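Visitor: Provided herewith: model_37.cif, mmCIF, C-alpha atoms; chains and numbers go by the auth columns.
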data_start
loop_
_atom_site.group_PDB
_atom_site.id
_atom_site.type_symbol
_atom_site.label_atom_id
_atom_site.label_comp_id
_atom_site.label_asym_id
_atom_site.label_seq_id
_atom_site.Cartn_x
_atom_site.Cartn_y
_atom_site.Cartn_z
_atom_site.B_iso_or_equiv
_atom_site.auth_seq_id
_atom_site.auth_asym_id
ATOM 1 C CA MET A 1 22.673 5.054 -11.503 0.00 1 A
ATOM 2 C CA THR A 2 20.345 2.818 -9.512 0.00 2 A
ATOM 3 C CA THR A 3 17.419 3.844 -7.372 0.00 3 A
ATOM 4 C CA ASN A 4 16.031 2.319 -4.252 0.00 4 A
ATOM 5 C CA GLU A 5 12.742 0.633 -5.145 0.00 5 A
ATOM 6 C CA GLY A 6 11.402 1.016 -1.614 0.00 6 A
ATOM 7 C CA ASP A 7 11.329 4.818 -1.895 0.00 7 A
ATOM 8 C CA GLU A 8 8.295 4.855 -4.149 0.00 8 A
ATOM 9 C CA GLU A 9 4.911 5.602 -2.664 0.00 9 A
ATOM 10 C CA LEU A 10 2.028 4.570 -4.848 0.00 10 A
ATOM 11 C CA LYS A 11 -1.693 5.120 -4.572 0.00 11 A
ATOM 12 C CA VAL A 12 -3.656 2.239 -5.990 0.00 12 A
ATOM 13 C CA LYS A 13 -7.125 2.940 -7.330 0.00 13 A
ATOM 14 C CA PHE A 14 -10.106 0.732 -6.590 0.00 14 A
ATOM 15 C CA SER A 15 -10.353 -0.146 -10.284 0.00 15 A
ATOM 16 C CA THR A 16 -6.917 -1.783 -10.048 0.00 16 A
ATOM 17 C CA TYR A 17 -8.054 -3.993 -7.170 0.00 17 A
ATOM 18 C CA ARG A 18 -11.234 -4.813 -9.082 0.00 18 A
ATOM 19 C CA ARG A 19 -9.282 -5.765 -12.197 0.00 19 A
ATOM 20 C CA TYR A 20 -6.905 -7.893 -10.107 0.00 20 A
ATOM 21 C CA ILE A 21 -9.760 -9.759 -8.428 0.00 21 A
ATOM 22 C CA MET A 22 -11.682 -10.290 -11.660 0.00 22 A
ATOM 23 C CA ASN A 23 -8.737 -11.206 -13.904 0.00 23 A
ATOM 24 C CA TYR A 24 -6.333 -12.975 -11.557 0.00 24 A
ATOM 25 C CA PHE A 25 -7.950 -13.839 -8.248 0.00 25 A
ATOM 26 C CA GLY A 26 -10.748 -16.020 -9.605 0.00 26 A
ATOM 27 C CA GLY A 27 -13.411 -13.424 -10.353 0.00 27 A
ATOM 28 C CA TRP A 28 -16.948 -14.331 -9.445 0.00 28 A
ATOM 29 C CA LYS A 29 -15.992 -17.790 -8.136 0.00 29 A
ATOM 30 C CA PHE A 30 -13.832 -16.128 -5.493 0.00 30 A
ATOM 31 C CA ILE A 31 -16.379 -13.420 -4.686 0.00 31 A
ATOM 32 C CA ILE A 32 -19.243 -15.891 -4.267 0.00 32 A
ATOM 33 C CA LEU A 33 -17.268 -18.486 -2.274 0.00 33 A
ATOM 34 C CA SER A 34 -15.647 -15.985 0.080 0.00 34 A
ATOM 35 C CA ASN A 35 -18.894 -14.082 0.682 0.00 35 A
ATOM 36 C CA LEU A 36 -20.910 -17.247 1.279 0.00 36 A
ATOM 37 C CA SER A 37 -18.351 -18.544 3.757 0.00 37 A
ATOM 38 C CA ILE A 38 -18.183 -15.259 5.667 0.00 38 A
ATOM 39 C CA ILE A 39 -21.979 -14.882 5.676 0.00 39 A
ATOM 40 C CA ALA A 40 -22.381 -18.442 6.986 0.00 40 A
ATOM 41 C CA PHE A 41 -19.669 -17.778 9.605 0.00 41 A
ATOM 42 C CA THR A 42 -21.380 -14.572 10.730 0.00 42 A
ATOM 43 C CA GLN A 43 -24.803 -16.203 10.942 0.00 43 A
ATOM 44 C CA CYS A 44 -23.472 -19.157 12.937 0.00 44 A
ATOM 45 C CA LYS A 45 -21.606 -16.831 15.289 0.00 45 A
ATOM 46 C CA LEU A 46 -24.663 -14.640 15.841 0.00 46 A
ATOM 47 C CA TYR A 47 -26.901 -17.641 16.489 0.00 47 A
ATOM 48 C CA ASN A 48 -24.306 -19.189 18.796 0.00 48 A
ATOM 49 C CA ASP A 49 -24.139 -15.964 20.814 0.00 49 A
ATOM 50 C CA TYR A 50 -27.932 -15.754 20.815 0.00 50 A
ATOM 51 C CA LEU A 51 -28.276 -19.318 22.139 0.00 51 A
ATOM 52 C CA LEU A 52 -25.766 -18.618 24.887 0.00 52 A
ATOM 53 C CA GLY A 53 -27.665 -15.462 25.837 0.00 53 A
ATOM 54 C CA VAL A 54 -31.024 -17.271 25.940 0.00 54 A
ATOM 55 C CA TRP A 55 -29.590 -20.084 28.043 0.00 55 A
ATOM 56 C CA SER A 56 -27.924 -17.673 30.482 0.00 56 A
ATOM 57 C CA GLN A 57 -31.204 -15.799 31.043 0.00 57 A
ATOM 58 C CA ASN A 58 -32.998 -18.950 32.184 0.00 58 A
ATOM 59 C CA THR A 59 -33.407 -19.676 35.846 0.00 59 A
ATOM 60 C CA SER A 60 -30.896 -21.928 37.527 0.00 60 A
ATOM 61 C CA SER A 61 -33.167 -24.986 37.424 0.00 61 A
ATOM 62 C CA GLU A 62 -33.972 -24.424 33.722 0.00 62 A
ATOM 63 C CA GLN A 63 -30.260 -24.075 32.974 0.00 63 A
ATOM 64 C CA HIS A 64 -29.570 -27.472 34.548 0.00 64 A
ATOM 65 C CA GLU A 65 -32.505 -29.141 32.767 0.00 65 A
ATOM 66 C CA GLU A 66 -31.562 -27.789 29.336 0.00 66 A
ATOM 67 C CA PHE A 67 -27.790 -27.957 29.750 0.00 67 A
ATOM 68 C CA TYR A 68 -27.193 -30.809 27.299 0.00 68 A
ATOM 69 C CA PHE A 69 -29.370 -29.270 24.606 0.00 69 A
ATOM 70 C CA TYR A 70 -27.630 -25.890 24.750 0.00 70 A
ATOM 71 C CA ALA A 71 -24.184 -27.432 25.160 0.00 71 A
ATOM 72 C CA GLN A 72 -24.683 -29.613 22.074 0.00 72 A
ATOM 73 C CA MET A 73 -26.025 -26.681 20.048 0.00 73 A
ATOM 74 C CA ILE A 74 -23.154 -24.392 21.064 0.00 74 A
ATOM 75 C CA VAL A 75 -20.515 -27.051 20.359 0.00 75 A
ATOM 76 C CA GLY A 76 -22.161 -27.802 17.006 0.00 76 A
ATOM 77 C CA PHE A 77 -22.209 -24.144 16.018 0.00 77 A
ATOM 78 C CA SER A 78 -18.619 -23.770 17.195 0.00 78 A
ATOM 79 C CA PHE A 79 -17.575 -26.538 14.800 0.00 79 A
ATOM 80 C CA LEU A 80 -19.536 -24.853 11.997 0.00 80 A
ATOM 81 C CA ILE A 81 -17.865 -21.530 12.797 0.00 81 A
ATOM 82 C CA SER A 82 -14.452 -23.193 12.635 0.00 82 A
ATOM 83 C CA PHE A 83 -15.325 -24.875 9.333 0.00 83 A
ATOM 84 C CA PHE A 84 -16.438 -21.614 7.709 0.00 84 A
ATOM 85 C CA VAL A 85 -13.331 -19.793 8.951 0.00 85 A
ATOM 86 C CA TYR A 86 -11.221 -22.581 7.439 0.00 86 A
ATOM 87 C CA LEU A 87 -13.195 -22.403 4.185 0.00 87 A
ATOM 88 C CA ARG A 88 -12.627 -18.648 3.940 0.00 88 A
ATOM 89 C CA ALA A 89 -8.908 -18.925 4.706 0.00 89 A
ATOM 90 C CA ALA A 90 -8.424 -21.869 2.347 0.00 90 A
ATOM 91 C CA SER A 91 -10.276 -20.161 -0.487 0.00 91 A
ATOM 92 C CA MET A 92 -8.217 -17.009 0.034 0.00 92 A
ATOM 93 C CA GLN A 93 -4.981 -18.974 -0.077 0.00 93 A
ATOM 94 C CA ILE A 94 -5.929 -21.129 -3.059 0.00 94 A
ATOM 95 C CA PHE A 95 -7.133 -18.188 -5.105 0.00 95 A
ATOM 96 C CA SER A 96 -4.033 -16.244 -4.049 0.00 96 A
ATOM 97 C CA TRP A 97 -1.770 -19.020 -5.328 0.00 97 A
ATOM 98 C CA TYR A 98 -3.749 -19.155 -8.549 0.00 98 A
ATOM 99 C CA ALA A 99 -3.504 -15.383 -8.982 0.00 99 A
ATOM 100 C CA THR A 100 0.237 -15.350 -8.285 0.00 100 A
ATOM 101 C CA ARG A 101 0.894 -18.117 -10.785 0.00 101 A
ATOM 102 C CA LYS A 102 -1.193 -16.430 -13.484 0.00 102 A
ATOM 103 C CA LEU A 103 0.387 -13.046 -12.803 0.00 103 A
ATOM 104 C CA HIS A 104 3.875 -14.585 -12.912 0.00 104 A
ATOM 105 C CA GLU A 105 3.084 -16.098 -16.314 0.00 105 A
ATOM 106 C CA ASP A 106 1.860 -12.731 -17.606 0.00 106 A
ATOM 107 C CA MET A 107 4.917 -10.957 -16.224 0.00 107 A
ATOM 108 C CA MET A 108 7.239 -13.526 -17.812 0.00 108 A
ATOM 109 C CA HIS A 109 5.443 -13.156 -21.126 0.00 109 A
ATOM 110 C CA SER A 110 5.812 -9.360 -20.982 0.00 110 A
ATOM 111 C CA ILE A 111 9.486 -9.530 -20.015 0.00 111 A
ATOM 112 C CA LEU A 112 10.383 -12.089 -22.671 0.00 112 A
ATOM 113 C CA ASN A 113 8.587 -10.106 -25.364 0.00 113 A
ATOM 114 C CA ALA A 114 10.134 -6.770 -24.349 0.00 114 A
ATOM 115 C CA PRO A 115 12.518 -5.199 -26.858 0.00 115 A
ATOM 116 C CA VAL A 116 16.074 -6.069 -25.882 0.00 116 A
ATOM 117 C CA ASN A 117 17.526 -2.633 -26.556 0.00 117 A
ATOM 118 C CA LEU A 118 14.855 -0.821 -24.509 0.00 118 A
ATOM 119 C CA TYR A 119 14.608 -2.973 -21.417 0.00 119 A
ATOM 120 C CA PHE A 120 17.397 -5.483 -20.886 0.00 120 A
ATOM 121 C CA ASP A 121 20.199 -3.053 -21.711 0.00 121 A
ATOM 122 C CA LYS A 122 18.949 -0.549 -19.145 0.00 122 A
ATOM 123 C CA THR A 123 17.736 -2.849 -16.370 0.00 123 A
ATOM 124 C CA PRO A 124 20.125 -5.155 -14.500 0.00 124 A
ATOM 125 C CA LEU A 125 19.055 -8.782 -14.149 0.00 125 A
ATOM 126 C CA SER A 126 19.219 -8.579 -10.364 0.00 126 A
ATOM 127 C CA ARG A 127 16.684 -5.765 -10.366 0.00 127 A
ATOM 128 C CA ILE A 128 14.314 -7.746 -12.592 0.00 128 A
ATOM 129 C CA LEU A 129 14.521 -10.721 -10.223 0.00 129 A
ATOM 130 C CA ASN A 130 14.067 -8.474 -7.200 0.00 130 A
ATOM 131 C CA ILE A 131 10.946 -6.887 -8.690 0.00 131 A
ATOM 132 C CA PHE A 132 9.507 -10.306 -9.548 0.00 132 A
ATOM 133 C CA SER A 133 10.061 -11.793 -6.105 0.00 133 A
ATOM 134 C CA LYS A 134 9.025 -8.693 -4.148 0.00 134 A
ATOM 135 C CA ASP A 135 5.852 -8.016 -6.127 0.00 135 A
ATOM 136 C CA LEU A 136 4.718 -11.624 -6.156 0.00 136 A
ATOM 137 C CA ASN A 137 5.437 -11.971 -2.439 0.00 137 A
ATOM 138 C CA GLN A 138 3.388 -8.865 -1.704 0.00 138 A
ATOM 139 C CA LEU A 139 0.468 -10.190 -3.726 0.00 139 A
ATOM 140 C CA GLU A 140 0.566 -13.768 -2.503 0.00 140 A
ATOM 141 C CA ILE A 141 0.945 -13.146 1.203 0.00 141 A
ATOM 142 C CA GLN A 142 -0.091 -9.637 2.092 0.00 142 A
ATOM 143 C CA MET A 143 -2.877 -9.002 -0.416 0.00 143 A
ATOM 144 C CA SER A 144 -4.895 -12.088 0.533 0.00 144 A
ATOM 145 C CA TYR A 145 -4.401 -11.366 4.245 0.00 145 A
ATOM 146 C CA HIS A 146 -5.565 -7.762 3.911 0.00 146 A
ATOM 147 C CA MET A 147 -8.513 -8.698 1.699 0.00 147 A
ATOM 148 C CA SER A 148 -9.586 -11.392 4.158 0.00 148 A
ATOM 149 C CA SER A 149 -9.260 -8.990 7.086 0.00 149 A
ATOM 150 C CA PHE A 150 -11.218 -6.269 5.291 0.00 150 A
ATOM 151 C CA VAL A 151 -14.076 -8.575 4.325 0.00 151 A
ATOM 152 C CA GLY A 152 -14.166 -10.123 7.799 0.00 152 A
ATOM 153 C CA MET A 153 -14.277 -6.749 9.525 0.00 153 A
ATOM 154 C CA LEU A 154 -16.898 -5.442 7.111 0.00 154 A
ATOM 155 C CA TYR A 155 -19.228 -8.331 7.891 0.00 155 A
ATOM 156 C CA GLN A 156 -18.460 -7.989 11.598 0.00 156 A
ATOM 157 C CA LEU A 157 -19.464 -4.322 11.408 0.00 157 A
ATOM 158 C CA LEU A 158 -22.665 -5.268 9.574 0.00 158 A
ATOM 159 C CA SER A 159 -23.510 -7.916 12.176 0.00 159 A
ATOM 160 C CA ILE A 160 -22.961 -5.407 14.979 0.00 160 A
ATOM 161 C CA ALA A 161 -25.266 -2.971 13.178 0.00 161 A
ATOM 162 C CA PHE A 162 -27.873 -5.732 12.777 0.00 162 A
ATOM 163 C CA VAL A 163 -27.763 -6.625 16.477 0.00 163 A
ATOM 164 C CA ALA A 164 -27.886 -2.955 17.478 0.00 164 A
ATOM 165 C CA ILE A 165 -30.956 -2.387 15.292 0.00 165 A
ATOM 166 C CA ALA A 166 -32.607 -5.558 16.637 0.00 166 A
ATOM 167 C CA ALA A 167 -31.971 -4.393 20.211 0.00 167 A
ATOM 168 C CA SER A 168 -33.179 -0.833 19.703 0.00 168 A
ATOM 169 C CA LYS A 169 -35.139 0.415 16.719 0.00 169 A
ATOM 170 C CA TYR A 170 -33.741 3.918 17.254 0.00 170 A
ATOM 171 C CA MET A 171 -30.318 2.693 16.168 0.00 171 A
ATOM 172 C CA VAL A 172 -31.570 2.823 12.559 0.00 172 A
ATOM 173 C CA PHE A 173 -31.088 6.580 12.719 0.00 173 A
ATOM 174 C CA LEU A 174 -27.640 6.353 14.322 0.00 174 A
ATOM 175 C CA ILE A 175 -26.091 3.685 12.059 0.00 175 A
ATOM 176 C CA PRO A 176 -25.690 5.930 8.965 0.00 176 A
ATOM 177 C CA PHE A 177 -23.702 8.446 11.037 0.00 177 A
ATOM 178 C CA VAL A 178 -21.427 5.665 12.296 0.00 178 A
ATOM 179 C CA PHE A 179 -20.790 4.508 8.716 0.00 179 A
ATOM 180 C CA ILE A 180 -20.052 8.092 7.654 0.00 180 A
ATOM 181 C CA MET A 181 -17.546 8.459 10.497 0.00 181 A
ATOM 182 C CA CYS A 182 -15.940 5.031 9.874 0.00 182 A
ATOM 183 C CA PHE A 183 -15.547 5.334 6.142 0.00 183 A
ATOM 184 C CA ASP A 184 -15.153 9.130 5.915 0.00 184 A
ATOM 185 C CA ILE A 185 -17.831 9.259 3.201 0.00 185 A
ATOM 186 C CA VAL A 186 -18.531 12.982 3.247 0.00 186 A
#
Once more with this new file: its structure as C-alpha cells, please.
Guide:
Amino acid sequence: MTTNEGDEELKVKFSTYRRYIMNYFGGWKFIILSNLSIIAFTQCKLYNDYLLGVWSQNTSSEQHEEFYFYAQMIVGFSFLISFFVYLRAASMQIFSWYATRKLHEDMMHSILNAPVNLYFDKTPLSRILNIFSKDLNQLEIQMSYHMSSFVGMLYQLLSIAFVAIAASKYMVFLIPFVFIMCFDIV
C-alpha cells in the first residue's frame, strides 16, 4: 500500500538546475555575486602565492630587508581571501534560504489547490509532510553546498590551468586533453 520514497533513483537534467537557479535561487543576482566573489578569491589567492614565491626566491639578506613589506602584503591578501570566502558562503546560504522559502510557498499553493478526491484521499498526511521536509532539507542544505563546491573546484581547476600555461607555453596543447578526461566530453 505504501512505498519507500528512498528507493527512487532520479536523473536530474541540467535544464532543471538552470530553472531552479533562475526561478528560485536568485537568478542573475546570484550568478553575478557568486562568480565575482569566487573570481576575486581566486585572484587574491594566486597573487598571494605569487608574492610568497617571489619573496622566497630572494637572497637571505633581501628576505630580511623586505620582510615587513611581504608580510603585510600576505596578511592583507589573506584577509581578502577570507572575506571573499565568507561572501561566497553567505551569498549561497542567503539565496538558498530565499529559494527554499519561495519553493515552499509554491509547493503549498499547489497542494492547497489540488483536487481533494485525486490527491488527499490517496496520499496520507504524514507522507505529504515527509516529502515537504525531506525535499526542502535537500535543497536548502545539500544543494547549496554542492553548488558552492562545484563552482569553487571549477575555478580552482581554471586557476591551475592558468598557472600551468604561464609556467610553460606547451601546456596550452595539454590542457584540452585534461578537460576532456576530467569532464568525459567525448
Visitor: List the neighbours of Gln156 (chain A) out to 12 Å using only C-alpha atoms; skip same-chain residues closer than 5 positions along the sequence, and give me the result as a list of chain:residue names.
Guide: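 Result of the neighbour search: A:Ile38, A:Ile39, A:Phe41, A:Thr42, A:Gln43, A:Lys45, A:Leu46, A:Ser149, A:Phe150, A:Val151, A:Ala161, A:Phe162, A:Val163.
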Visitor: Using the chain letters and numbers from this file, what does the PyMOL selection byres ((chain A and resi 85) around 10) select? Give the answer as a list in words.
Guide: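 So the PyMOL selection byres ((chain A and resi 85) around 10) ends up selecting Ser34, Ser37, Ile38, Ala40, Phe41, Thr42, Phe79, Leu80, Ile81, Ser82, Phe83, Phe84, Tyr86, Leu87, Arg88, Ala89, Ala90, Ser91 and Gly152 of chain A.
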Visitor: Just say which residues the PyMOL selection byres ((chain A and resi 93) around 12) picks in this file, as a ChimeraX atom specification.
Guide: /A:25-26,30,34,86-92,94-100,139-148
Visitor: Please put the answer as JSON: centre and edge lengths, in Å with one decimal, of a box along x, y and z that encloses all listed atoms of region 25-43 of chain A plus 3 Å on each side.
Guide:
{"center_x": -16.4, "center_y": -16.0, "center_z": 0.3, "size_x": 22.9, "size_y": 11.1, "size_z": 27.3}
Visitor: What is the CA of Leu112 (chain A)-CA of Leu10 (chain A) distance in Å, reported with one decimal?
Guide: 25.8 Å
Visitor: As an exercise, work out the distance from CA of Arg19 (chain A) to CA of Leu125 (chain A) in Å and give it to one decimal place.
Guide: 28.6 Å
Visitor: To verify the selection step, state as number ranges by chain which residues the PyMOL selection byres ((chain A and resi 48) around 8) yields on this input.
Guide: A: 44-47, 49-52, 73-74, 77-78
Visitor: Could you pull the residues within 12 Å of Arg18 (chain A), counting only C-alpha atoms, minus those fewer than 5 positions along the same chain, as a ChimeraX atom specification?
Guide: /A:12-13,23-28,31,147
Visitor: Please report the interatomic distance between CA of Phe67 (chain A) and CA of Val54 (chain A) in Å with one decimal.
Guide: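 So the two atoms, CA of Phe67 (chain A) and CA of Val54 (chain A), lie 11.8 Å apart.
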Visitor: With distances taken over all atoms listed in the file, which of A:Arg127, A:His104, A:Lys122, A:Cys182 is nearest to Met153 (chain A)?
Guide: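 Going through A:Arg127, A:His104, A:Lys122, A:Cys182 one by one, the smallest distance to Met153 (chain A) is for A:Cys182.
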